[in-house]
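The structure file start35.txt is reproduced below (compact mmCIF, C-alpha atoms).
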# COMPACT_ATOMS: atom_id res chain seq x y z
CA MET H 1 136.27 168.00 -28.81
CA ASN H 2 137.01 171.16 -30.72
CA THR H 3 134.27 171.13 -33.32
CA ILE H 4 132.64 173.78 -35.45
CA PRO H 5 129.04 174.26 -34.34
CA SER H 6 126.21 174.74 -36.75
CA ILE H 7 123.22 176.91 -36.04
CA SER H 8 119.61 176.07 -36.72
CA PRO H 9 117.73 177.76 -39.55
CA SER H 10 114.88 180.07 -38.79
CA PRO H 11 111.46 178.43 -38.33
CA ALA H 12 109.49 178.00 -41.52
CA GLY H 13 107.29 180.96 -42.37
CA PRO H 14 106.51 183.42 -45.13
CA ALA H 15 109.36 183.88 -47.56
CA GLU H 16 111.48 186.90 -46.66
CA PRO H 17 112.78 189.24 -49.35
CA ALA H 18 116.43 188.68 -50.18
CA PRO H 19 118.79 191.26 -48.64
CA LYS H 20 120.34 193.73 -51.07
CA PHE H 21 123.67 191.98 -51.35
CA SER H 22 125.66 191.83 -54.56
CA VAL H 23 126.07 188.12 -55.31
CA ALA H 24 128.63 186.19 -57.35
CA VAL H 25 127.78 182.58 -58.20
CA VAL H 26 130.91 180.52 -58.84
CA VAL H 27 130.37 177.32 -60.85
CA PRO H 28 133.33 175.04 -61.62
CA THR H 29 132.83 173.12 -64.86
CA TYR H 30 134.40 170.42 -66.95
CA ARG H 31 132.45 169.18 -69.96
CA GLU H 32 129.15 170.65 -68.78
CA ALA H 33 128.17 172.44 -72.00
CA GLU H 34 124.74 170.76 -72.07
CA SER H 35 123.89 171.84 -68.54
CA ILE H 36 124.98 175.47 -68.72
CA PRO H 37 121.96 176.94 -70.65
CA HIS H 38 119.52 175.32 -68.20
CA LEU H 39 121.48 176.50 -65.19
CA VAL H 40 121.69 180.04 -66.56
CA GLN H 41 117.95 180.04 -67.26
CA ARG H 42 117.12 179.10 -63.66
CA LEU H 43 119.64 181.54 -62.20
CA GLY H 44 118.23 184.28 -64.45
CA LYS H 45 114.74 183.60 -63.12
CA VAL H 46 115.99 183.82 -59.51
CA ARG H 47 117.90 186.99 -60.36
CA GLU H 48 114.78 188.63 -61.78
CA GLU H 49 112.12 187.41 -59.36
CA ALA H 50 114.16 188.13 -56.20
CA SER H 51 115.69 191.33 -57.63
CA ILE H 52 119.22 190.16 -56.81
CA ASP H 53 122.31 191.87 -58.21
CA LEU H 54 123.75 188.53 -59.33
CA GLU H 55 126.63 187.64 -61.63
CA LEU H 56 127.75 184.17 -62.70
CA PHE H 57 131.36 183.03 -63.02
CA ILE H 58 131.76 179.80 -65.00
CA MET H 59 135.21 178.46 -64.12
CA ASP H 60 135.87 175.98 -66.92
CA ASP H 61 138.88 173.67 -66.92
CA ASP H 62 139.42 173.95 -70.68
CA SER H 63 136.69 171.38 -71.43
CA GLY H 64 136.95 171.57 -75.20
CA ASP H 65 133.28 170.59 -75.45
CA GLY H 66 131.91 173.86 -76.81
CA THR H 67 131.36 175.55 -73.44
CA ASP H 68 132.85 178.75 -74.83
CA ARG H 69 130.43 178.75 -77.78
CA VAL H 70 127.46 178.09 -75.48
CA VAL H 71 128.32 181.05 -73.22
CA GLU H 72 128.99 183.29 -76.23
CA ALA H 73 125.59 182.40 -77.70
CA LEU H 74 123.86 183.30 -74.42
CA ALA H 75 125.28 186.84 -74.75
CA LEU H 76 124.44 187.86 -71.17
CA ASP H 77 126.44 190.63 -69.51
CA TRP H 78 126.07 189.02 -66.07
CA VAL H 79 127.64 185.70 -67.20
CA THR H 80 131.44 185.46 -67.36
CA LEU H 81 133.39 182.48 -68.66
CA VAL H 82 136.92 181.90 -67.36
CA THR H 83 138.79 179.18 -69.25
CA ARG H 84 141.48 177.72 -66.99
CA THR H 85 144.46 175.96 -68.55
CA THR H 86 146.76 175.62 -65.51
CA ASN H 87 146.37 174.17 -62.01
CA ARG H 88 143.14 172.54 -63.06
CA GLY H 89 140.78 170.74 -60.70
CA LEU H 90 137.44 171.49 -59.08
CA SER H 91 138.75 172.87 -55.78
CA TYR H 92 141.26 175.17 -57.41
CA ALA H 93 138.67 176.30 -59.95
CA VAL H 94 136.43 177.36 -57.05
CA LEU H 95 139.30 179.14 -55.27
CA ASP H 96 140.16 180.91 -58.51
CA GLY H 97 136.57 182.09 -58.82
CA LEU H 98 136.40 183.18 -55.19
CA MET H 99 139.48 185.33 -55.63
CA ARG H 100 138.21 186.93 -58.83
CA THR H 101 134.89 188.18 -57.45
CA THR H 102 134.28 191.47 -55.65
CA SER H 103 130.65 190.84 -54.65
CA ASP H 104 129.36 190.99 -51.07
CA VAL H 105 128.34 187.32 -51.11
CA ILE H 106 129.77 184.33 -52.97
CA VAL H 107 127.67 181.26 -53.80
CA VAL H 108 129.33 178.04 -54.93
CA MET H 109 127.30 175.38 -56.73
CA ASP H 110 127.58 172.64 -59.34
CA ALA H 111 126.58 173.04 -62.97
CA ASP H 112 124.76 169.72 -63.28
CA LEU H 113 121.42 171.01 -61.88
CA SER H 114 121.66 168.83 -58.77
CA HIS H 115 121.62 172.00 -56.63
CA PRO H 116 118.51 174.20 -56.67
CA PRO H 117 119.38 177.84 -57.50
CA GLU H 118 115.98 178.78 -56.08
CA LYS H 119 117.48 178.36 -52.58
CA ILE H 120 119.88 181.29 -53.04
CA PRO H 121 117.47 183.96 -51.66
CA GLU H 122 117.01 181.88 -48.50
CA MET H 123 120.78 181.61 -48.14
CA LEU H 124 121.10 185.40 -48.38
CA VAL H 125 118.49 185.88 -45.66
CA GLU H 126 120.41 183.62 -43.27
CA LEU H 127 123.70 185.36 -44.06
CA ALA H 128 122.04 188.68 -43.23
CA LYS H 129 121.01 187.22 -39.86
CA GLY H 130 124.61 186.45 -38.91
CA ALA H 131 125.63 183.12 -40.44
CA GLU H 132 129.16 183.06 -41.83
CA VAL H 133 128.52 180.14 -44.18
CA VAL H 134 125.17 178.71 -45.30
CA VAL H 135 125.26 175.15 -46.63
CA GLY H 136 122.64 173.48 -48.80
CA SER H 137 122.29 170.09 -47.11
CA ARG H 138 120.75 166.86 -48.35
CA PHE H 139 120.70 165.45 -44.83
CA ALA H 140 119.36 168.34 -42.76
CA GLU H 141 115.79 167.96 -41.53
CA GLY H 142 113.59 168.53 -44.57
CA GLY H 143 116.36 167.72 -47.05
CA SER H 144 116.07 164.93 -49.60
CA THR H 145 117.77 163.17 -52.51
CA ALA H 146 116.55 161.72 -55.79
CA ASP H 147 114.55 158.49 -55.36
CA ASP H 148 116.98 156.35 -57.36
CA TRP H 149 120.08 157.33 -55.39
CA GLY H 150 120.66 153.77 -54.19
CA PHE H 151 121.91 152.34 -50.90
CA PHE H 152 125.62 152.36 -51.71
CA ARG H 153 125.64 155.99 -52.83
CA TRP H 154 123.80 156.93 -49.64
CA LEU H 155 126.22 154.85 -47.56
CA ASN H 156 129.21 156.48 -49.23
CA SER H 157 127.96 159.95 -48.29
CA ARG H 158 127.17 158.95 -44.71
CA VAL H 159 130.61 157.38 -44.18
CA ALA H 160 132.28 160.49 -45.63
CA THR H 161 130.24 162.61 -43.20
CA LEU H 162 131.30 160.49 -40.22
CA MET H 163 134.95 160.76 -41.24
CA ALA H 164 134.67 164.55 -41.09
CA LEU H 165 132.84 164.63 -37.74
CA PRO H 166 135.88 165.69 -35.62
CA LEU H 167 136.27 168.67 -37.94
CA THR H 168 132.69 169.89 -38.18
CA GLN H 169 129.17 169.05 -37.07
CA LEU H 170 127.68 169.91 -40.46
CA SER H 171 125.08 167.40 -41.57
CA ASP H 172 126.46 167.42 -45.12
CA PRO H 173 130.18 168.39 -45.23
CA MET H 174 130.35 166.88 -48.72
CA SER H 175 127.97 169.50 -50.08
CA GLY H 176 129.11 171.51 -53.07
CA PHE H 177 126.37 174.12 -52.61
CA PHE H 178 127.09 176.90 -50.11
CA ALA H 179 127.18 180.67 -49.65
CA LEU H 180 129.53 182.88 -47.64
CA ARG H 181 130.32 186.53 -47.12
CA ARG H 182 133.33 188.00 -48.89
CA GLU H 183 134.94 189.02 -45.60
CA THR H 184 134.64 185.43 -44.36
CA PHE H 185 136.65 184.18 -47.31
CA ALA H 186 139.13 187.07 -47.04
CA ALA H 187 139.95 185.98 -43.46
CA GLY H 188 141.12 182.55 -44.68
CA ARG H 189 144.77 181.52 -44.89
CA ASP H 190 146.90 178.65 -46.22
CA PHE H 191 144.39 177.21 -48.69
CA ASN H 192 145.69 173.88 -49.94
CA PRO H 193 142.74 171.80 -51.18
CA ILE H 194 142.83 168.44 -52.90
CA GLY H 195 140.02 166.62 -54.64
CA TYR H 196 136.52 167.79 -55.39
CA LYS H 197 135.14 168.99 -52.03
CA ILE H 198 136.07 172.56 -51.14
CA LEU H 199 133.51 173.29 -48.39
CA LEU H 200 135.55 171.75 -45.56
CA GLU H 201 138.64 173.64 -46.72
CA ILE H 202 136.72 176.93 -46.53
CA VAL H 203 135.11 176.21 -43.15
CA ILE H 204 138.37 175.11 -41.50
CA LYS H 205 140.82 177.57 -43.06
CA CYS H 206 138.47 180.55 -42.62
CA ARG H 207 137.89 179.47 -38.99
CA CYS H 208 134.13 179.71 -39.34
CA ARG H 209 132.02 179.40 -36.19
CA GLN H 210 128.52 180.24 -37.34
CA VAL H 211 127.79 177.64 -40.02
CA LEU H 212 124.18 176.98 -40.97
CA ASP H 213 122.54 174.01 -42.71
CA ILE H 214 119.44 174.60 -44.80
CA PRO H 215 117.59 171.66 -46.37
CA ILE H 216 117.65 171.16 -50.13
CA HIS H 217 116.47 168.52 -52.56
CA PHE H 218 119.54 167.06 -54.25
CA ASP H 219 118.54 165.99 -57.75
CA ASN H 220 120.30 163.65 -60.17
CA ARG H 221 122.37 165.20 -62.92
CA ARG H 222 120.38 165.59 -66.12
CA TYR H 223 123.16 166.06 -68.66
CA GLY H 224 126.76 164.95 -69.03
CA GLU H 225 128.62 162.43 -66.90
CA SER H 226 129.48 162.34 -63.21
CA LYS H 227 133.07 163.24 -62.29
CA LEU H 228 132.97 161.21 -59.04
CA SER H 229 135.38 158.27 -59.16
CA PHE H 230 137.18 155.98 -56.73
CA ARG H 231 140.30 158.10 -57.21
CA GLU H 232 138.40 161.22 -56.15
CA GLN H 233 137.17 159.40 -53.04
CA LEU H 234 140.76 158.60 -52.12
CA ARG H 235 141.66 162.24 -52.65
CA TYR H 236 138.87 163.16 -50.23
CA ILE H 237 140.60 161.04 -47.57
CA GLN H 238 143.91 162.77 -48.35
CA HIS H 239 142.17 166.12 -48.00
CA LEU H 240 140.70 165.13 -44.63
CA ARG H 241 144.17 164.13 -43.43
CA ARG H 242 145.56 167.54 -44.41
CA LEU H 243 142.75 169.29 -42.54
CA TYR H 244 143.24 167.15 -39.42
CA ILE H 245 146.93 168.07 -39.38
CA TYR H 246 146.10 171.75 -39.95
CA LYS H 247 143.47 171.83 -37.19
CA TYR H 248 144.99 169.54 -34.57
CA GLY H 249 148.73 169.74 -35.35
CA THR H 250 150.86 167.46 -33.15
CA TRP H 251 147.82 165.60 -31.82
CA SER H 252 146.98 164.56 -35.37
CA HIS H 253 150.52 163.26 -35.90
CA PHE H 254 150.26 161.36 -32.60
CA ALA H 255 146.96 159.73 -33.62
CA GLN H 256 148.51 158.61 -36.92
CA PHE H 257 151.55 157.33 -35.03
CA LEU H 258 149.33 155.20 -32.76
CA VAL H 259 147.37 153.80 -35.72
CA VAL H 260 150.63 152.86 -37.45
CA GLY H 261 151.89 151.27 -34.22
CA PHE H 262 148.73 149.17 -33.94
CA SER H 263 149.11 148.03 -37.56
CA GLY H 264 152.72 147.09 -36.75
CA LEU H 265 151.46 144.92 -33.90
CA LEU H 266 149.19 143.08 -36.34
CA VAL H 267 152.14 142.60 -38.73
CA ASN H 268 154.22 141.23 -35.84
CA LEU H 269 151.54 138.74 -34.83
CA ALA H 270 150.93 137.63 -38.41
CA ALA H 271 154.66 137.16 -39.05
CA VAL H 272 155.17 135.09 -35.87
CA THR H 273 152.20 132.90 -36.78
CA VAL H 274 153.43 132.24 -40.32
CA LEU H 275 157.06 131.64 -39.32
CA LEU H 276 156.11 129.18 -36.58
CA ARG H 277 153.95 127.28 -39.06
CA LEU H 278 157.05 127.08 -41.27
CA GLN H 279 158.77 125.23 -38.41
CA MET H 280 161.13 128.11 -37.57
CA SER H 281 162.47 128.24 -34.01
CA GLU H 282 160.57 130.48 -31.61
CA ARG H 283 163.51 132.83 -30.98
CA ASP H 284 164.20 133.32 -34.68
CA ALA H 285 160.51 133.79 -35.46
CA VAL H 286 160.12 136.45 -32.77
CA ALA H 287 163.30 138.28 -33.86
CA ILE H 288 162.32 138.33 -37.55
CA ALA H 289 158.76 139.44 -36.70
CA ILE H 290 160.12 142.35 -34.66
CA VAL H 291 162.37 143.44 -37.54
CA LEU H 292 159.52 143.19 -40.06
CA SER H 293 157.10 145.15 -37.87
CA MET H 294 159.78 147.80 -37.24
CA ILE H 295 160.39 148.21 -40.99
CA TRP H 296 156.62 148.36 -41.52
CA ASN H 297 156.17 151.04 -38.85
CA PHE H 298 159.07 153.08 -40.19
CA GLY H 299 157.75 152.99 -43.74
CA LEU H 300 154.21 154.03 -42.78
CA ASN H 301 155.36 156.73 -40.37
CA ARG H 302 157.64 158.19 -43.01
CA ARG H 303 154.89 158.06 -45.63
CA PHE H 304 151.99 159.29 -43.50
CA SER H 305 152.60 160.36 -39.87
CA PHE H 306 155.65 162.49 -40.71
CA SER H 307 155.31 162.87 -44.47
CA TYR H 308 156.74 166.41 -44.34
CA ALA H 309 160.22 164.88 -43.75
CA ARG H 310 160.26 162.41 -46.67
CA HIS H 311 162.88 164.45 -48.55
CA GLN H 312 165.49 163.75 -45.87
CA SER H 313 167.94 160.78 -45.79
CA ILE H 314 165.99 157.54 -45.43
CA VAL H 315 169.02 155.64 -44.11
CA GLN H 316 169.70 158.20 -41.41
CA GLN H 317 166.04 158.26 -40.46
CA PHE H 318 165.80 154.46 -40.27
CA VAL H 319 168.85 154.19 -38.02
CA GLY H 320 167.41 156.89 -35.76
CA PHE H 321 164.01 155.17 -35.73
CA VAL H 322 165.52 151.82 -34.68
CA ALA H 323 167.54 153.54 -31.95
CA ALA H 324 164.45 155.38 -30.68
CA CYS H 325 162.44 152.13 -30.63
CA ALA H 326 165.22 150.45 -28.63
CA LEU H 327 165.27 153.31 -26.13
CA GLY H 328 161.48 153.29 -26.08
CA ALA H 329 161.57 149.62 -25.10
CA VAL H 330 163.90 150.52 -22.20
CA VAL H 331 161.51 153.30 -21.10
CA ASN H 332 158.66 150.79 -21.29
CA TYR H 333 160.57 148.26 -19.16
CA VAL H 334 161.79 150.75 -16.54
CA THR H 335 158.33 152.33 -16.16
CA THR H 336 156.62 148.96 -15.81
CA VAL H 337 159.13 147.71 -13.21
CA ALA H 338 158.93 150.96 -11.25
CA LEU H 339 155.14 150.67 -10.97
CA TRP H 340 154.99 146.90 -10.51
CA ASP H 341 154.93 146.86 -6.71
CA THR H 342 152.86 150.04 -6.29
CA LEU H 343 149.83 148.99 -8.35
CA ARG H 344 147.39 146.29 -7.39
CA TYR H 345 146.65 145.27 -10.96
CA LYS H 346 149.89 144.40 -12.72
CA GLN H 347 148.24 144.75 -16.14
CA LEU H 348 147.82 148.46 -15.41
CA ALA H 349 151.56 148.76 -14.83
CA VAL H 350 152.16 147.06 -18.17
CA CYS H 351 149.73 149.42 -19.95
CA ILE H 352 151.34 152.52 -18.43
CA GLY H 353 154.74 151.19 -19.44
CA VAL H 354 153.58 150.64 -23.02
CA LEU H 355 152.09 154.16 -23.12
CA ALA H 356 155.32 155.67 -21.75
CA GLY H 357 157.35 153.83 -24.37
CA ALA H 358 154.96 154.93 -27.12
CA LEU H 359 155.13 158.57 -25.99
CA PHE H 360 158.93 158.43 -25.96
CA ASN H 361 159.00 156.93 -29.44
CA PHE H 362 156.59 159.58 -30.74
CA VAL H 363 158.49 162.52 -29.25
CA ALA H 364 161.78 161.16 -30.59
CA SER H 365 160.26 160.54 -34.03
CA ARG H 366 158.39 163.85 -34.25
CA PHE H 367 161.08 166.20 -32.99
CA VAL H 368 164.36 164.38 -33.69
CA ILE H 369 164.15 161.70 -36.39
CA PHE H 370 161.50 163.24 -38.64
CA ARG H 371 161.97 166.85 -37.52
CA SER H 372 161.19 169.60 -39.99
CA LYS H 373 164.39 171.37 -41.02
CA HIS H 374 162.74 174.39 -42.51
CA LEU H 375 160.08 176.92 -41.68
CA LYS H 376 156.89 176.54 -43.67
CA PRO H 377 155.67 179.78 -45.27
What does this structure look like when you write it as structure tokens?
Amino acid sequence: MNTIPSISPSPAGPAEPAPKFSVAVVVPTYREAESIPHLVQRLGKVREEASIDLELFIMDDDSGDGTDRVVEALALDWVTLVTRTTNRGLSYAVLDGLMRTTSDVIVVMDADLSHPPEKIPEMLVELAKGAEVVVGSRFAEGGSTADDWGFFRWLNSRVATLMALPLTQLSDPMSGFFALRRETFAAGRDFNPIGYKILLEIVIKCRCRQVLDIPIHFDNRRYGESKLSFREQLRYIQHLRRLYIYKYGTWSHFAQFLVVGFSGLLVNLAAVTVLLRLQMSERDAVAIAIVLSMIWNFGLNRRFSFSYARHQSIVQQFVGFVAACALGAVVNYVTTVALWDTLRYKQLAVCIGVLAGALFNFVASRFVIFRSKHLKP
């Protein structure tokens, strides 16, 4: 499995002085006017006590809640407000901030005080030791969350972590608190995030290898309202799918193709069962079930497995898909018959035949029916 390893933090000991990096803290905001003064106060204390050359970029998505007045009243030369009116969204706000800074190190964190700014000096120390990205993790050894988090919120985070496991071995890939060197970000290409979690996008697209977890206490927000919704969770799944395709290419398409094929089998079985209960003849029931499952598979493959080709003629693609499935069935049959007398267990011959047919269908779908007719920039 091609995963991104994480490295262990240094053993606990006396606090080390923060390296003399220039640091830009990028904070995406939307209706966080109440939180900003408290965040700035804590960052200012860290800036002074650790003697860090630190500037803060507040990337606000045109909240209209008085954020501009709050920042103006603070009147601090190290705090910059950027009001964004186009291409809004948390991930793009972070990317915008990352591209605006010129500091040696960039720290990304939330405005709601759930992330402890006091951990920034420790992050700088680990970056100086060779880490490319340092992640503040709730689930690393020594990390913790607020007592009233609740089982379902904990379960949601753990499931999201498991879904990202083939991409990274980070203990908390959902974290919004991390630090990286400027050259690490500059090496990234093809950024195309969706949703509210940008860390995975950075780690994958910047091809990071030395990624470090450090434990943090994740607190509850103290002001304002949470932006996490069911829609954002669905967008996280969409984002994961994009990253799987980016990282694993054709293998990712093949995995999606197999999942769709399995779902088509379930549709076939369900249709046969229902039609037989409706007193339809066996031959008609089987024929209709095959057609329904084929339409089902075509629709899902066009929508998900080969979504890049959705702009092409659906009629032409459907005809090609049916033809490929028919030829795939012939490949399945010929392979099974050819192996029938050479294998002791006939079921193995059947399985190899099914796999050969599936591979034929995938190759035909990927490179003929749903082929990309243009070069992606």
Which residues of range 173-225 of chain H have any atom within 12 Å of an atom in range 102-115 of chain H when counting only C-alpha atoms, and what is the closest pair of atoms for each, with the distance in Å to one decimal? Order the rows by chain and rising number and write it as a Markdown table.
| residue | atom | partner | partner_atom | distance |
| --- | --- | --- | --- | --- |
| H:Ser175 | CA | H:Met109 | CA | 8.9 |
| H:Gly176 | CA | H:Met109 | CA | 5.6 |
| H:Phe177 | CA | H:Met109 | CA | 4.4 |
| H:Phe178 | CA | H:Val108 | CA | 5.4 |
| H:Ala179 | CA | H:Val107 | CA | 4.2 |
| H:Leu180 | CA | H:Ile106 | CA | 5.5 |
| H:Arg181 | CA | H:Val105 | CA | 4.5 |
| H:Arg182 | CA | H:Asp104 | CA | 5.4 |
| H:Glu183 | CA | H:Asp104 | CA | 8.1 |
| H:Thr184 | CA | H:Val105 | CA | 9.4 |
| H:Phe185 | CA | H:Ile106 | CA | 8.9 |
| H:Ala186 | CA | H:Thr102 | CA | 10.8 |
| H:Tyr196 | CA | H:Asp110 | CA | 10.9 |
| H:Lys197 | CA | H:Asp110 | CA | 11.1 |
| H:Ile198 | CA | H:Val108 | CA | 9.5 |
| H:Leu199 | CA | H:Val108 | CA | 9.1 |
| H:Ile202 | CA | H:Val108 | CA | 11.2 |
| H:Pro215 | CA | H:His115 | CA | 11.0 |
| H:Ile216 | CA | H:His115 | CA | 7.7 |
| H:His217 | CA | H:His115 | CA | 7.4 |
| H:Phe218 | CA | H:Ser114 | CA | 5.3 |
| H:Asp219 | CA | H:Ser114 | CA | 4.3 |
| H:Asn220 | CA | H:Ser114 | CA | 5.5 |
| H:Arg221 | CA | H:Asp112 | CA | 5.1 |
| H:Arg222 | CA | H:Asp112 | CA | 6.7 |
| H:Tyr223 | CA | H:Asp112 | CA | 6.7 |
| H:Gly224 | CA | H:Asp112 | CA | 7.7 |
| H:Glu225 | CA | H:Asp112 | CA | 9.0 |
Since we have the selection now, will you write its residues out, keeping C-alpha atoms, as a PDB file, in the coordinates of the input?
ATOM      1  CA  SER H 175     127.970 169.500 -50.080  1.00  0.00           C
ATOM      2  CA  GLY H 176     129.110 171.510 -53.070  1.00  0.00           C
ATOM      3  CA  PHE H 177     126.370 174.120 -52.610  1.00  0.00           C
ATOM      4  CA  PHE H 178     127.090 176.900 -50.110  1.00  0.00           C
ATOM      5  CA  ALA H 179     127.180 180.670 -49.650  1.00  0.00           C
ATOM      6  CA  LEU H 180     129.530 182.880 -47.640  1.00  0.00           C
ATOM      7  CA  ARG H 181     130.320 186.530 -47.120  1.00  0.00           C
ATOM      8  CA  ARG H 182     133.330 188.000 -48.890  1.00  0.00           C
ATOM      9  CA  GLU H 183     134.940 189.020 -45.600  1.00  0.00           C
ATOM     10  CA  THR H 184     134.640 185.430 -44.360  1.00  0.00           C
ATOM     11  CA  PHE H 185     136.650 184.180 -47.310  1.00  0.00           C
ATOM     12  CA  ALA H 186     139.130 187.070 -47.040  1.00  0.00           C
ATOM     13  CA  TYR H 196     136.520 167.790 -55.390  1.00  0.00           C
ATOM     14  CA  LYS H 197     135.140 168.990 -52.030  1.00  0.00           C
ATOM     15  CA  ILE H 198     136.070 172.560 -51.140  1.00  0.00           C
ATOM     16  CA  LEU H 199     133.510 173.290 -48.390  1.00  0.00           C
ATOM     17  CA  ILE H 202     136.720 176.930 -46.530  1.00  0.00           C
ATOM     18  CA  PRO H 215     117.590 171.660 -46.370  1.00  0.00           C
ATOM     19  CA  ILE H 216     117.650 171.160 -50.130  1.00  0.00           C
ATOM     20  CA  HIS H 217     116.470 168.520 -52.560  1.00  0.00           C
ATOM     21  CA  PHE H 218     119.540 167.060 -54.250  1.00  0.00           C
ATOM     22  CA  ASP H 219     118.540 165.990 -57.750  1.00  0.00           C
ATOM     23  CA  ASN H 220     120.300 163.650 -60.170  1.00  0.00           C
ATOM     24  CA  ARG H 221     122.370 165.200 -62.920  1.00  0.00           C
ATOM     25  CA  ARG H 222     120.380 165.590 -66.120  1.00  0.00           C
ATOM     26  CA  TYR H 223     123.160 166.060 -68.660  1.00  0.00           C
ATOM     27  CA  GLY H 224     126.760 164.950 -69.030  1.00  0.00           C
ATOM     28  CA  GLU H 225     128.620 162.430 -66.900  1.00  0.00           C
TER      29      GLU H 225
END
- Could you work out how far CA of Val46 in chain H lies from CA of Ile120 in chain H, giving the answer in Å with one decimal? 8.0 Å
- Item | Interatomic distance (Å, one decimal) between CA of Lys346 in chain H and CA of Phe262 in chain H | 21.8 Å
Could you make a table, as a Markdown table, of the residues of range 246-277 of chain H that have an atom within 9 Å of an atom of range 285-302 of chain H, each with its nearest atom pair and distance in Å to one decimal, counting all atoms listed in the file, in chain and number order?
| residue | atom | partner | partner_atom | distance |
| --- | --- | --- | --- | --- |
| H:Gln256 | CA | H:Asn301 | CA | 7.9 |
| H:Phe257 | CA | H:Asn301 | CA | 6.6 |
| H:Val260 | CA | H:Asn297 | CA | 6.0 |
| H:Gly261 | CA | H:Asn297 | CA | 6.3 |
| H:Ser263 | CA | H:Asn297 | CA | 7.8 |
| H:Gly264 | CA | H:Ser293 | CA | 4.9 |
| H:Leu265 | CA | H:Ser293 | CA | 6.9 |
| H:Leu266 | CA | H:Ser293 | CA | 8.3 |
| H:Val267 | CA | H:Ser293 | CA | 5.6 |
| H:Asn268 | CA | H:Ala289 | CA | 5.0 |
| H:Leu269 | CA | H:Ala289 | CA | 7.5 |
| H:Ala270 | CA | H:Ala289 | CA | 8.2 |
| H:Ala271 | CA | H:Ala289 | CA | 5.2 |
| H:Val272 | CA | H:Ala285 | CA | 5.5 |
| H:Thr273 | CA | H:Ala285 | CA | 8.5 |
| H:Val274 | CA | H:Ala285 | CA | 8.7 |
| H:Leu275 | CA | H:Ala285 | CA | 5.6 |
| H:Leu276 | CA | H:Ala285 | CA | 6.5 |
- Kindly give the distance, in Å, that separates CA of Ser144 in chain H and CA of Ile214 in chain H, rounded to a single decimal.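 A separation of 11.3 Å between them.
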- Mind checking which residues fall within 9 Å of Phe321 in chain H, counting only C-alpha atoms, ignoring those fewer than 5 positions away in the same chain, and posting them as a ChimeraX atom specification? /H:294,298,316,326,361,364-365,369-370
- Task: Skip Val71 in chain H itself and residues of its chain fewer than 5 positions away, then list as an MDAnalysis selection string all residues within 10 Å of it, counting all atoms listed in the file.
- Result: chainID H and resid 33 36:37 40 58 66 76 79:81
- For Ser51 in chain H, list every protein, DNA or RNA residue within 10 Å, evaluated using all atoms listed in the file, and leave out those in the same chain fewer than 3 positions away; present the list as JSON, numbers by chain. {"H": [17, 18, 19, 20, 45, 46, 47, 48, 54, 121]}
- Write out as a PyMOL selection string each polymer residue whose atoms come within 10 Å of Val203 in chain H, counting all atoms listed in the file; drop sequence neighbours fewer than 6 positions from it. chain H and resi 4+132-133+167-168+173+180+184-185+188+209-211
Output, as lines of an AutoDock Vina configuration file, the centre and edge lengths in Å (one decimal) of the axis-aligned box that contains all listed atoms of range 65-68 of chain H with 8 Å of margin on each side.
center_x = 132.3
center_y = 174.7
center_z = -75.1
size_x = 17.9
size_y = 24.2
size_z = 19.4
- May I ask which of the residues H:Gly136, H:Tyr30, H:Ser252, H:Lys129 is the closest one to Thr85 in chain H, counting all atoms listed in the file? H:Tyr30
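Using all atoms listed in the file, the smallest distance between any of H:Met163, H:Leu127, H:Leu170, H:Val363 and Phe139 in chain H comes from H:Leu170.
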